[in-house]
file work.cif (mmCIF, C-alpha atoms and all ligand atoms)
data_target
#
loop_
_atom_site.label_atom_id
_atom_site.label_comp_id
_atom_site.auth_asym_id
_atom_site.auth_seq_id
_atom_site.Cartn_x
_atom_site.Cartn_y
_atom_site.Cartn_z
CA MET A 1176 -23.62 60.91 0.29
CA LYS A 1177 -26.57 63.48 0.27
CA ILE A 1178 -25.23 65.03 -2.96
CA LEU A 1179 -25.11 61.65 -4.63
CA ALA A 1180 -28.56 60.79 -3.27
CA LYS A 1181 -29.98 63.88 -4.94
CA ALA A 1182 -28.33 62.70 -8.14
CA GLY A 1183 -30.20 59.41 -7.67
CA VAL A 1184 -27.08 57.41 -6.97
CA SER A 1185 -28.02 54.91 -4.28
CA ALA A 1186 -25.61 54.03 -1.50
CA LEU A 1187 -25.64 50.45 -2.79
CA ALA A 1188 -24.64 51.46 -6.31
CA LEU A 1189 -21.86 53.64 -4.90
CA THR A 1190 -20.63 50.83 -2.71
CA LEU A 1191 -20.66 48.40 -5.62
CA ALA A 1192 -18.78 50.89 -7.79
CA LEU A 1193 -16.16 51.51 -5.10
CA SER A 1194 -15.76 47.80 -4.35
CA ALA A 1195 -15.41 47.07 -8.08
CA ALA A 1196 -12.70 49.71 -8.29
CA ALA A 1197 -11.09 48.21 -5.20
CA GLN A 1198 -11.18 44.74 -6.78
CA ALA A 1199 -9.57 46.08 -9.94
CA GLU A 1200 -6.75 47.31 -7.67
CA ASP A 1201 -6.14 43.85 -6.20
CA VAL A 1202 -2.91 42.01 -6.97
CA GLU A 1203 -2.95 38.21 -6.96
CA VAL A 1204 0.39 36.87 -5.72
CA LEU A 1205 1.66 33.28 -6.08
CA HIS A 1206 4.46 32.41 -3.61
CA TRP A 1207 5.78 29.69 -1.32
CA TRP A 1208 6.41 31.79 1.79
CA THR A 1209 4.31 29.73 4.20
CA ALA A 1210 6.71 29.33 7.14
CA GLY A 1211 6.36 31.64 10.16
CA GLY A 1212 9.26 33.96 9.38
CA GLU A 1213 8.38 34.05 5.70
CA ALA A 1214 4.73 34.93 6.37
CA ALA A 1215 5.82 37.68 8.77
CA ALA A 1216 8.02 39.17 6.05
CA LEU A 1217 5.28 38.89 3.45
CA ASN A 1218 2.93 40.81 5.74
CA VAL A 1219 5.28 43.79 5.40
CA LEU A 1220 4.48 43.85 1.68
CA LYS A 1221 0.75 43.21 2.15
CA GLU A 1222 0.51 46.11 4.62
CA ASN A 1223 2.59 48.37 2.39
CA LEU A 1224 0.19 47.78 -0.52
CA ALA A 1225 -2.90 48.09 1.69
CA GLY A 1226 -1.61 51.55 2.57
CA GLN A 1227 -1.93 52.35 -1.14
CA ASP A 1228 -5.44 50.84 -1.31
CA ILE A 1229 -4.07 47.86 -3.21
CA GLY A 1230 -5.74 44.62 -2.11
CA TRP A 1231 -3.88 41.32 -1.86
CA LYS A 1232 -5.28 38.07 -3.23
CA ASP A 1233 -3.04 35.40 -1.73
CA MET A 1234 -2.02 32.28 -3.65
CA PRO A 1235 0.36 30.43 -1.30
CA VAL A 1236 1.77 27.10 -2.59
CA ALA A 1237 3.66 25.40 0.26
CA GLY A 1238 6.94 23.61 -0.46
CA GLY A 1239 10.40 24.98 0.31
CA GLY A 1240 12.49 25.91 -2.68
CA GLY A 1241 9.42 26.55 -4.81
CA GLU A 1242 9.11 23.40 -6.96
CA ALA A 1243 5.37 23.02 -6.18
CA ALA A 1244 4.80 26.74 -6.75
CA MET A 1245 6.31 26.53 -10.26
CA THR A 1246 4.05 23.58 -11.08
CA ALA A 1247 0.98 25.55 -9.92
CA LEU A 1248 2.11 28.52 -12.02
CA ARG A 1249 2.35 26.45 -15.19
CA ALA A 1250 -1.24 25.30 -14.66
CA ARG A 1251 -2.50 28.88 -14.18
CA VAL A 1252 -0.72 30.21 -17.28
CA THR A 1253 -1.85 27.24 -19.36
CA ALA A 1254 -5.41 28.07 -18.29
CA GLY A 1255 -4.85 31.60 -19.55
CA ASP A 1256 -5.23 33.03 -16.05
CA PRO A 1257 -1.81 34.09 -14.75
CA PRO A 1258 -1.48 35.72 -11.32
CA THR A 1259 -0.40 39.37 -11.17
CA ALA A 1260 2.96 38.53 -9.56
CA VAL A 1261 4.87 35.30 -8.89
CA GLN A 1262 7.79 34.61 -6.54
CA MET A 1263 10.48 33.12 -8.74
CA LEU A 1264 14.19 32.32 -8.80
CA GLY A 1265 16.97 32.81 -11.32
CA PHE A 1266 16.87 30.53 -14.31
CA ASP A 1267 13.13 29.90 -13.88
CA ILE A 1268 12.65 33.61 -14.60
CA LEU A 1269 14.74 33.30 -17.78
CA ASP A 1270 12.67 30.29 -18.86
CA TRP A 1271 9.44 32.32 -18.53
CA ALA A 1272 11.01 35.32 -20.28
CA GLN A 1273 11.58 33.07 -23.28
CA GLN A 1274 7.89 32.09 -23.43
CA GLY A 1275 7.05 35.16 -25.52
CA GLU A 1276 4.42 37.69 -24.50
CA VAL A 1277 3.41 36.38 -21.06
CA LEU A 1278 5.41 38.78 -18.91
CA ALA A 1279 4.78 42.45 -18.24
CA ASP A 1280 7.23 45.20 -19.20
CA LEU A 1281 8.41 47.12 -16.12
CA ASN A 1282 10.84 49.38 -17.96
CA GLU A 1283 8.77 52.51 -17.32
CA VAL A 1284 8.76 52.18 -13.54
CA ALA A 1285 12.37 50.90 -13.56
CA ALA A 1286 13.56 53.95 -15.50
CA ALA A 1287 11.56 56.36 -13.34
CA GLU A 1288 13.17 54.87 -10.21
CA ASN A 1289 16.63 54.23 -11.68
CA TRP A 1290 16.72 50.49 -10.86
CA ASP A 1291 19.63 50.02 -13.27
CA ALA A 1292 21.90 52.01 -10.97
CA VAL A 1293 21.03 50.27 -7.70
CA ILE A 1294 20.34 46.60 -8.54
CA PRO A 1295 23.57 44.54 -8.84
CA ALA A 1296 24.45 43.17 -12.27
CA ALA A 1297 24.41 39.60 -10.88
CA ILE A 1298 20.69 40.07 -10.18
CA GLN A 1299 19.85 42.10 -13.29
CA LYS A 1300 20.99 39.04 -15.26
CA PHE A 1301 17.67 37.52 -14.23
CA SER A 1302 15.44 40.57 -13.65
CA LYS A 1303 16.18 42.28 -16.94
CA PRO A 1304 16.86 39.73 -19.68
CA ASP A 1305 17.35 41.30 -23.13
CA GLY A 1306 16.98 44.83 -21.77
CA THR A 1307 13.43 44.52 -20.41
CA TRP A 1308 12.72 44.57 -16.67
CA ILE A 1309 10.24 41.75 -16.11
CA ALA A 1310 10.68 41.21 -12.38
CA ALA A 1311 11.12 43.22 -9.19
CA PRO A 1312 14.00 41.78 -7.10
CA VAL A 1313 12.94 41.58 -3.46
CA ASN A 1314 16.12 40.47 -1.69
CA VAL A 1315 19.38 38.58 -1.79
CA HIS A 1316 19.49 35.33 0.17
CA SER A 1317 22.54 33.10 0.37
CA THR A 1318 22.84 29.41 1.13
CA ASN A 1319 26.31 28.86 2.64
CA TRP A 1320 25.32 29.65 6.24
CA VAL A 1321 25.44 27.67 9.47
CA TRP A 1322 22.93 28.44 12.24
CA ALA A 1323 24.04 27.34 15.71
CA ASN A 1324 22.42 27.16 19.12
CA LYS A 1325 24.76 29.29 21.25
CA ALA A 1326 23.80 27.85 24.64
CA MET A 1327 24.53 24.30 23.48
CA LEU A 1328 27.92 25.30 22.06
CA ASP A 1329 28.84 27.22 25.23
CA GLU A 1330 27.74 24.31 27.41
CA MET A 1331 29.99 21.92 25.45
CA GLY A 1332 32.88 24.36 25.14
CA ILE A 1333 32.61 24.42 21.35
CA ALA A 1334 34.09 27.48 19.62
CA GLU A 1335 32.76 28.64 16.25
CA PRO A 1336 34.46 26.26 13.77
CA THR A 1337 36.46 27.93 11.00
CA THR A 1338 37.65 24.87 9.06
CA TRP A 1339 35.77 21.83 7.76
CA ASP A 1340 37.66 19.52 10.11
CA GLU A 1341 36.86 21.75 13.10
CA PHE A 1342 33.18 21.67 12.01
CA ILE A 1343 33.20 17.85 11.85
CA ALA A 1344 34.88 17.69 15.26
CA ALA A 1345 32.22 20.02 16.70
CA LEU A 1346 29.42 17.91 15.17
CA GLN A 1347 31.02 14.77 16.63
CA LYS A 1348 31.25 16.35 20.10
CA VAL A 1349 27.54 17.21 20.00
CA LYS A 1350 26.63 13.72 18.76
CA ASP A 1351 28.71 12.14 21.54
CA SER A 1352 26.75 14.23 24.07
CA GLY A 1353 23.53 12.56 22.91
CA LYS A 1354 22.06 15.70 21.29
CA VAL A 1355 21.26 16.02 17.59
CA ALA A 1356 24.34 17.45 15.93
CA LEU A 1357 22.90 18.52 12.55
CA ALA A 1358 19.24 19.48 12.13
CA HIS A 1359 18.27 18.68 8.55
CA GLY A 1360 15.25 17.99 6.38
CA GLY A 1361 15.73 15.13 3.94
CA GLN A 1362 14.22 16.74 0.85
CA PRO A 1363 16.10 17.06 -2.46
CA TRP A 1364 16.25 20.86 -2.40
CA GLN A 1365 17.60 20.80 1.17
CA ASP A 1366 20.21 18.13 0.39
CA ALA A 1367 21.24 20.26 -2.60
CA THR A 1368 21.41 23.38 -0.42
CA ILE A 1369 24.04 21.62 1.69
CA PHE A 1370 25.76 20.38 -1.48
CA ASP A 1371 26.31 24.00 -2.59
CA SER A 1372 28.61 24.31 0.43
CA ALA A 1373 30.17 20.82 0.29
CA VAL A 1374 31.44 21.56 -3.23
CA LEU A 1375 32.64 25.04 -2.27
CA ALA A 1376 34.42 23.74 0.84
CA THR A 1377 36.17 21.12 -1.31
CA GLY A 1378 37.21 22.97 -4.45
CA GLY A 1379 36.35 26.62 -3.83
CA PRO A 1380 34.83 28.93 -6.46
CA GLU A 1381 36.87 27.21 -9.18
CA LEU A 1382 35.31 23.77 -8.76
CA TYR A 1383 31.88 25.26 -8.06
CA THR A 1384 31.98 27.37 -11.24
CA LYS A 1385 33.37 24.61 -13.49
CA ALA A 1386 30.86 22.06 -12.19
CA PHE A 1387 27.63 24.00 -11.69
CA ILE A 1388 27.93 26.97 -14.06
CA ASP A 1389 30.13 25.64 -16.86
CA LEU A 1390 28.70 22.09 -16.42
CA ASP A 1391 32.16 20.74 -17.27
CA PRO A 1392 31.96 16.90 -17.24
CA ALA A 1393 35.62 16.73 -16.11
CA ALA A 1394 34.74 18.80 -13.03
CA LEU A 1395 31.46 17.01 -12.34
CA ASN A 1396 33.20 13.62 -12.34
CA SER A 1397 36.49 14.55 -10.70
CA PRO A 1398 38.42 13.35 -7.65
CA GLU A 1399 37.49 16.70 -5.99
CA MET A 1400 33.80 16.05 -6.62
CA VAL A 1401 34.22 12.61 -5.03
CA GLN A 1402 35.65 14.39 -1.99
CA ALA A 1403 32.63 16.74 -1.96
CA PHE A 1404 30.33 13.73 -1.87
CA ASP A 1405 32.49 12.31 0.94
CA LYS A 1406 31.69 15.48 2.91
CA MET A 1407 27.99 14.75 2.37
CA THR A 1408 28.57 11.24 3.76
CA GLN A 1409 30.21 12.80 6.82
CA LEU A 1410 27.22 15.09 7.36
CA ARG A 1411 24.78 12.20 6.86
CA GLY A 1412 26.31 10.65 9.98
CA PHE A 1413 25.22 13.64 12.11
CA VAL A 1414 21.50 13.92 11.28
CA ASP A 1415 18.80 12.33 13.46
CA ASP A 1416 16.83 9.22 12.49
CA ASN A 1417 13.72 11.25 11.59
CA PHE A 1418 15.37 13.67 9.14
CA SER A 1419 13.77 12.24 6.02
CA GLY A 1420 11.06 14.51 4.57
CA ARG A 1421 11.28 17.06 7.39
CA ASP A 1422 10.43 20.64 6.32
CA TRP A 1423 13.32 23.09 6.58
CA ASN A 1424 11.59 25.32 9.15
CA LEU A 1425 11.04 22.32 11.45
CA ALA A 1426 14.76 21.67 11.29
CA SER A 1427 15.35 25.32 12.20
CA ALA A 1428 12.93 24.83 15.12
CA MET A 1429 15.13 22.01 16.45
CA VAL A 1430 18.04 24.45 16.77
CA ILE A 1431 15.76 27.18 18.16
CA ASN A 1432 14.33 24.80 20.79
CA ASN A 1433 17.69 23.42 21.99
CA GLU A 1434 17.10 20.02 20.37
CA ALA A 1435 19.94 20.34 17.85
CA ALA A 1436 23.17 22.31 17.69
CA PHE A 1437 23.60 23.19 14.00
CA GLN A 1438 21.66 23.64 10.75
CA ILE A 1439 23.19 24.33 7.33
CA MET A 1440 20.55 26.43 5.54
CA GLY A 1441 20.02 29.61 3.61
CA ASP A 1442 19.46 32.76 5.64
CA TRP A 1443 15.68 32.45 5.42
CA ALA A 1444 16.35 30.30 8.49
CA LYS A 1445 17.21 33.51 10.34
CA GLY A 1446 13.62 34.61 9.76
CA GLU A 1447 12.51 31.63 11.84
CA PHE A 1448 14.90 32.50 14.68
CA LEU A 1449 13.71 36.13 14.69
CA ASN A 1450 10.07 35.04 14.49
CA ALA A 1451 10.72 32.93 17.60
CA GLY A 1452 12.12 35.99 19.40
CA LYS A 1453 15.73 34.79 19.27
CA VAL A 1454 18.63 37.28 19.14
CA PRO A 1455 21.78 36.87 17.02
CA GLY A 1456 24.91 36.53 19.16
CA THR A 1457 22.84 35.87 22.29
CA ASP A 1458 20.64 32.89 21.36
CA PHE A 1459 22.17 31.81 18.06
CA LEU A 1460 25.27 32.21 15.91
CA CYS A 1461 25.36 32.74 12.16
CA PHE A 1462 28.55 31.95 10.27
CA ARG A 1463 29.58 30.83 6.78
CA VAL A 1464 29.89 27.09 6.29
CA PRO A 1465 33.52 26.41 7.30
CA GLY A 1466 35.65 26.25 4.18
CA THR A 1467 33.38 28.60 2.20
CA ALA A 1468 34.29 31.96 3.77
CA GLY A 1469 34.88 34.69 1.20
CA VAL A 1470 32.33 33.20 -1.20
CA VAL A 1471 28.57 33.87 -1.27
CA THR A 1472 26.24 31.45 -3.05
CA PHE A 1473 23.21 33.66 -3.57
CA ASN A 1474 19.60 33.36 -4.56
CA SER A 1475 17.44 36.39 -5.08
CA ASP A 1476 13.67 36.16 -4.64
CA GLU A 1477 12.02 38.14 -7.40
CA PHE A 1478 8.38 38.91 -8.11
CA VAL A 1479 7.92 38.21 -11.81
CA MET A 1480 5.08 40.32 -13.21
CA PHE A 1481 2.72 38.58 -15.65
CA LYS A 1482 0.99 40.62 -18.35
CA GLN A 1483 -2.36 41.96 -17.15
CA GLY A 1484 -5.35 42.92 -19.32
CA ASP A 1485 -6.83 46.11 -17.94
CA ASP A 1486 -5.18 49.39 -16.96
CA ALA A 1487 -6.22 49.24 -13.29
CA ALA A 1488 -4.53 45.85 -12.92
CA LYS A 1489 -1.41 47.17 -14.66
CA GLN A 1490 -1.35 50.19 -12.35
CA ALA A 1491 -1.62 47.96 -9.28
CA GLN A 1492 1.15 45.75 -10.66
CA ASN A 1493 3.46 48.72 -11.25
CA ALA A 1494 2.62 50.07 -7.79
CA MET A 1495 3.61 46.69 -6.31
CA ALA A 1496 6.90 46.68 -8.23
CA SER A 1497 7.62 50.23 -7.12
CA ALA A 1498 6.79 49.41 -3.48
CA ILE A 1499 9.14 46.39 -3.56
CA GLU A 1500 12.08 48.46 -4.76
CA SER A 1501 11.53 51.35 -2.32
CA PRO A 1502 14.43 51.67 0.17
CA GLU A 1503 11.94 51.73 3.06
CA PHE A 1504 10.39 48.41 2.03
CA GLN A 1505 13.78 46.87 1.25
CA ILE A 1506 14.81 47.55 4.86
CA ALA A 1507 11.51 46.59 6.53
CA PHE A 1508 11.09 43.35 4.58
CA ASN A 1509 14.66 42.04 4.62
CA LYS A 1510 15.10 42.69 8.35
CA VAL A 1511 12.33 40.15 8.95
CA LYS A 1512 13.05 37.72 6.07
CA GLY A 1513 16.70 37.07 6.98
CA SER A 1514 17.92 38.16 3.55
CA VAL A 1515 19.74 41.36 2.61
CA PRO A 1516 18.40 44.13 0.36
CA ALA A 1517 18.46 43.75 -3.41
CA ARG A 1518 19.35 47.48 -3.61
CA THR A 1519 23.00 48.37 -3.03
CA ASP A 1520 22.24 51.89 -1.72
CA VAL A 1521 20.57 50.83 1.53
CA ALA A 1522 22.44 51.38 4.82
CA ASP A 1523 22.88 48.41 7.18
CA THR A 1524 21.99 50.54 10.22
CA ASP A 1525 18.64 48.86 10.82
CA PHE A 1526 19.98 45.31 10.42
CA ASP A 1527 21.10 42.94 13.18
CA ASP A 1528 24.63 41.53 13.35
CA CYS A 1529 23.86 38.63 11.00
CA GLY A 1530 22.27 41.04 8.52
CA LYS A 1531 25.22 43.41 8.71
CA LYS A 1532 27.59 40.46 8.19
CA GLY A 1533 25.55 39.29 5.20
CA MET A 1534 25.48 42.73 3.58
CA ALA A 1535 29.24 43.24 4.02
CA GLN A 1536 30.04 39.74 2.67
CA LEU A 1537 27.73 40.23 -0.32
CA LYS A 1538 29.49 43.50 -1.21
CA GLU A 1539 32.93 41.93 -0.75
CA ALA A 1540 32.06 38.85 -2.82
CA SER A 1541 30.54 40.99 -5.55
CA GLU A 1542 33.75 43.07 -5.74
CA LYS A 1543 36.03 40.00 -5.59
CA GLY A 1544 34.09 38.03 -8.18
CA THR A 1545 33.16 35.33 -5.64
CA LEU A 1546 29.42 36.05 -5.71
CA LEU A 1547 28.14 32.84 -7.28
CA GLY A 1548 24.57 31.81 -8.09
CA SER A 1549 23.27 29.06 -5.81
CA MET A 1550 22.93 25.79 -7.73
CA ALA A 1551 20.35 24.51 -5.24
CA HIS A 1552 18.13 27.57 -5.70
CA GLY A 1553 18.14 27.92 -9.43
CA HIS A 1554 20.83 30.57 -9.91
CA ALA A 1555 23.58 28.46 -11.51
CA ASN A 1556 21.89 26.52 -14.32
CA PRO A 1557 18.47 25.75 -15.85
CA ALA A 1558 15.81 23.81 -13.89
CA ALA A 1559 16.31 20.57 -15.85
CA VAL A 1560 20.00 20.51 -14.87
CA LYS A 1561 19.27 21.60 -11.29
CA ASN A 1562 16.73 18.79 -10.88
CA ALA A 1563 19.15 16.25 -12.35
CA ILE A 1564 21.72 17.32 -9.74
CA TYR A 1565 19.05 17.12 -7.00
CA ASP A 1566 18.33 13.49 -7.92
CA VAL A 1567 21.96 12.36 -7.72
CA VAL A 1568 22.75 14.27 -4.51
CA THR A 1569 19.68 12.91 -2.72
CA ALA A 1570 20.30 9.36 -3.95
CA HIS A 1571 23.85 9.57 -2.61
CA PHE A 1572 22.70 11.12 0.70
CA ASN A 1573 20.28 8.20 1.08
CA GLY A 1574 23.04 5.67 0.43
CA GLU A 1575 22.10 4.57 -3.10
CA TYR A 1576 25.54 5.54 -4.47
CA ASP A 1577 28.99 5.68 -2.95
CA SER A 1578 30.90 8.89 -3.63
CA THR A 1579 32.73 7.58 -6.69
CA GLN A 1580 29.51 6.33 -8.27
CA ALA A 1581 27.78 9.62 -7.36
CA ALA A 1582 30.35 11.74 -9.16
CA GLU A 1583 30.06 9.54 -12.24
CA GLU A 1584 26.24 9.67 -12.09
CA LEU A 1585 26.40 13.44 -11.64
CA ALA A 1586 28.30 13.94 -14.89
CA ASN A 1587 25.96 11.53 -16.73
CA ALA A 1588 22.79 13.12 -15.34
CA VAL A 1589 23.87 16.68 -16.11
CA GLU A 1590 24.89 15.68 -19.62
CA ALA A 1591 21.50 14.03 -20.19
CA ALA A 1592 19.59 17.04 -18.84
CA GLN A 1593 21.01 19.58 -21.31
C1 LIG B 1601 14.19 29.67 -1.30
C2 LIG B 1601 13.61 31.09 -1.30
C3 LIG B 1601 13.50 31.61 0.13
C4 LIG B 1601 12.75 30.60 0.99
C5 LIG B 1601 13.35 29.20 0.83
C6 LIG B 1601 12.61 28.15 1.63
O1 LIG B 1601 14.24 29.20 -2.60
O2 LIG B 1601 14.49 31.94 -2.03
O3 LIG B 1601 12.82 32.86 0.12
O4 LIG B 1601 11.42 30.58 0.61
O5 LIG B 1601 13.35 28.83 -0.53
O6 LIG B 1601 11.40 27.87 1.08
#

call {"tool": "encode", "arguments": {"input": "work.cif", "output": "structure tokens"}}
result
Amino acid sequence: MKILAKAGVSALALTLALSAAAQAEDVEVLHWWTAGGEAAALNVLKENLAGQDIGWKDMPVAGGGGEAAMTALRARVTAGDPPTAVQMLGFDILDWAQQGEVLADLNEVAAAENWDAVIPAAIQKFSKPDGTWIAAPVNVHSTNWVWANKAMLDEMGIAEPTTWDEFIAALQKVKDSGKVALAHGGQPWQDATIFDSAVLATGGPELYTKAFIDLDPAALNSPEMVQAFDKMTQLRGFVDDNFSGRDWNLASAMVINNEAAFQIMGDWAKGEFLNAGKVPGTDFLCFRVPGTAGVVTFNSDEFVMFKQGDDAAKQAQNAMASAIESPEFQIAFNKVKGSVPARTDVADTDFDDCGKKGMAQLKEASEKGTLLGSMAHGHANPAAVKNAIYDVVTAHFNGEYDSTQAAEELANAVEAAQ
């Protein structure tokens, strides 16, 4: 400081200059990771960037599934003030990529770190539309999981169900005992998350693909789809009276706190169990929704990078993208989040039994062609179609349609949304 003093540079001026430089290094991040397990995982990224002198300006927008976050994003971009990075899913990323020059080009950092070789093609479909990397994939979640309270199952002599009928019988046994059989939050995105599995358990990858990816009216309004809605009616009979509007992590807490036996939810639920100090295989079980084994309905969280004005901001943005794709971060973050790494070259050594199971099943599904984008989480079709499906599924779950009417409405609503 003495040298600078001689040069007439005051401590204050130096501090201001350094803090200005520090501010230029900040990244502003819009996301919806506000639950306990999610926030714990996000801290891994914040700390990683802080270690590179990159500050974090947080823009959390609560609301599972990210609908509210996408609304907030549109407002920021319309105001000409986009965040540095935005958590985003699947087809929403493709929508933004089509908006012209609003997204940054990550090809330089992607080439330097060989992302093309380690990120699965199923994810690159969204991260790298038209040959330009515009997003850094953080993880691979999947939705067709059941989370079960092991002590409750042991107490009632319930073995892990492997068929739909065994699952229904297990739910009935719990209900008859007076406990809550199925912990659920009655919100459209959560009802749809269950619907991913109800359709898979009914008609397998064929029905799922024809209905949600091909948007085939004959599949959407088919006897099989009626049966899928019948499964939803069965499940509706196992939720508690206060399920409507409940946040997903509060439903997870019911299983964690021995108030409910099962939850059907994506593996971000595991982050809640871990955050509560619960151990897979000891406190809780994780298994694929009975009838969906062999298939993985995935959703990858990606940080979409929005074009930044000055070089310092661009450097910070590239440093964030690079940090996200580092093997070390991929392990540290996904262990906490409940997801599996987006990179295929990461060993499962550091992951718990549910993580190891998830990584093996992702690899197997990818090789077998049964790795399917989650409809509920924006990886099967565009947002307008997804939201049209949400509306019908939730209306049916709340008793506004019977299963036959629901299948008919589903085909009509999807047709109208295209
Ligand atoms: C999903 C997202 C997960 C988790 C979940 C609950 O769409 O991929 O990371 O945030 O919503 O909000």

call {"tool": "residues_near_ligand", "arguments": {"input": "work.cif", "ligand": "ligand LIG 1601 (chain B)", "cutoff": "8 Å", "atoms": "all atoms listed in the file", "output": "JSON list (two decimals) with C-alpha atoms, in the frame of the given file"}}
result
[["chain", "number", "residue", "atom", "x", "y", "z"],
["A", 1207, "TRP", "CA", 5.78, 29.69, -1.32],
["A", 1208, "TRP", "CA", 6.41, 31.79, 1.79],
["A", 1209, "THR", "CA", 4.31, 29.73, 4.20],
["A", 1210, "ALA", "CA", 6.71, 29.33, 7.14],
["A", 1213, "GLU", "CA", 8.38, 34.05, 5.70],
["A", 1238, "GLY", "CA", 6.94, 23.61, -0.46],
["A", 1239, "GLY", "CA", 10.40, 24.98, 0.31],
["A", 1240, "GLY", "CA", 12.49, 25.91, -2.68],
["A", 1241, "GLY", "CA", 9.42, 26.55, -4.81],
["A", 1263, "MET", "CA", 10.48, 33.12, -8.74],
["A", 1264, "LEU", "CA", 14.19, 32.32, -8.80],
["A", 1316, "HIS", "CA", 19.49, 35.33, 0.17],
["A", 1423, "TRP", "CA", 13.32, 23.09, 6.58],
["A", 1441, "GLY", "CA", 20.02, 29.61, 3.61],
["A", 1443, "TRP", "CA", 15.68, 32.45, 5.42],
["A", 1474, "ASN", "CA", 19.60, 33.36, -4.56],
["A", 1475, "SER", "CA", 17.44, 36.39, -5.08],
["A", 1476, "ASP", "CA", 13.67, 36.16, -4.64],
["A", 1512, "LYS", "CA", 13.05, 37.72, 6.07],
["A", 1552, "HIS", "CA", 18.13, 27.57, -5.70],
["A", 1553, "GLY", "CA", 18.14, 27.92, -9.43]]

call {"tool": "closest_atom_pairs", "arguments": {"input": "work.cif", "of": "range 1492-1555 of chain A", "to": "range 1445-1460 of chain A", "cutoff": "12 Å", "atoms": "only C-alpha atoms", "output": "tab-separated table"}}
result
residue	atom	partner	partner_atom	distance
A:Phe1508	CA	A:Gly1446	CA	10.5
A:Asn1509	CA	A:Gly1446	CA	9.1
A:Lys1510	CA	A:Gly1446	CA	8.3
A:Val1511	CA	A:Gly1446	CA	5.7
A:Lys1512	CA	A:Gly1446	CA	4.9
A:Gly1513	CA	A:Gly1446	CA	4.8
A:Ser1514	CA	A:Lys1445	CA	8.3
A:Val1515	CA	A:Lys1445	CA	11.3
A:Phe1526	CA	A:Pro1455	CA	10.9
A:Asp1527	CA	A:Pro1455	CA	7.2
A:Asp1528	CA	A:Pro1455	CA	6.6
A:Cys1529	CA	A:Pro1455	CA	6.6
A:Gly1530	CA	A:Lys1445	CA	9.3
A:Lys1531	CA	A:Pro1455	CA	11.1
A:Lys1532	CA	A:Pro1455	CA	11.2
A:Gly1533	CA	A:Lys1445	CA	11.4

call {"tool": "atom_distance", "arguments": {"input": "work.cif", "atom1": "CA of Gln1492 in chain A", "atom2": "CA of Ala1287 in chain A"}}
result
15.1 Å

call {"tool": "residues_around", "arguments": {"input": "work.cif", "residues": "Ala1345 in chain A", "least_positions_apart": "4", "cutoff": "12 Å", "atoms": "all atoms listed in the file", "output": "ChimeraX atom specification"}}
result
/A:1323,1327-1329,1331-1341,1349-1352,1354-1357,1410,1413,1436-1437,1465

call {"tool": "write_last_selection", "arguments": {"input": "work.cif", "atoms": "C-alpha atoms", "output": "compact mmCIF listing (two decimals), in the coordinates of the input"}}
result
# COMPACT_ATOMS: atom_id res chain seq x y z
CA ALA A 1323 24.04 27.34 15.71
CA MET A 1327 24.53 24.30 23.48
CA LEU A 1328 27.92 25.30 22.06
CA ASP A 1329 28.84 27.22 25.23
CA MET A 1331 29.99 21.92 25.45
CA GLY A 1332 32.88 24.36 25.14
CA ILE A 1333 32.61 24.42 21.35
CA ALA A 1334 34.09 27.48 19.62
CA GLU A 1335 32.76 28.64 16.25
CA PRO A 1336 34.46 26.26 13.77
CA THR A 1337 36.46 27.93 11.00
CA THR A 1338 37.65 24.87 9.06
CA TRP A 1339 35.77 21.83 7.76
CA ASP A 1340 37.66 19.52 10.11
CA GLU A 1341 36.86 21.75 13.10
CA VAL A 1349 27.54 17.21 20.00
CA LYS A 1350 26.63 13.72 18.76
CA ASP A 1351 28.71 12.14 21.54
CA SER A 1352 26.75 14.23 24.07
CA LYS A 1354 22.06 15.70 21.29
CA VAL A 1355 21.26 16.02 17.59
CA ALA A 1356 24.34 17.45 15.93
CA LEU A 1357 22.90 18.52 12.55
CA LEU A 1410 27.22 15.09 7.36
CA PHE A 1413 25.22 13.64 12.11
CA ALA A 1436 23.17 22.31 17.69
CA PHE A 1437 23.60 23.19 14.00
CA PRO A 1465 33.52 26.41 7.30

call {"tool": "residues_around", "arguments": {"input": "work.cif", "residues": "Gly1378 in chain A", "least_positions_apart": "4", "cutoff": "9 Å", "atoms": "all atoms listed in the file", "output": "list in words"}}
result
Ala1373, Val1374, Leu1382, Tyr1383, Glu1399, Met1400 and Ala1403 of chain A
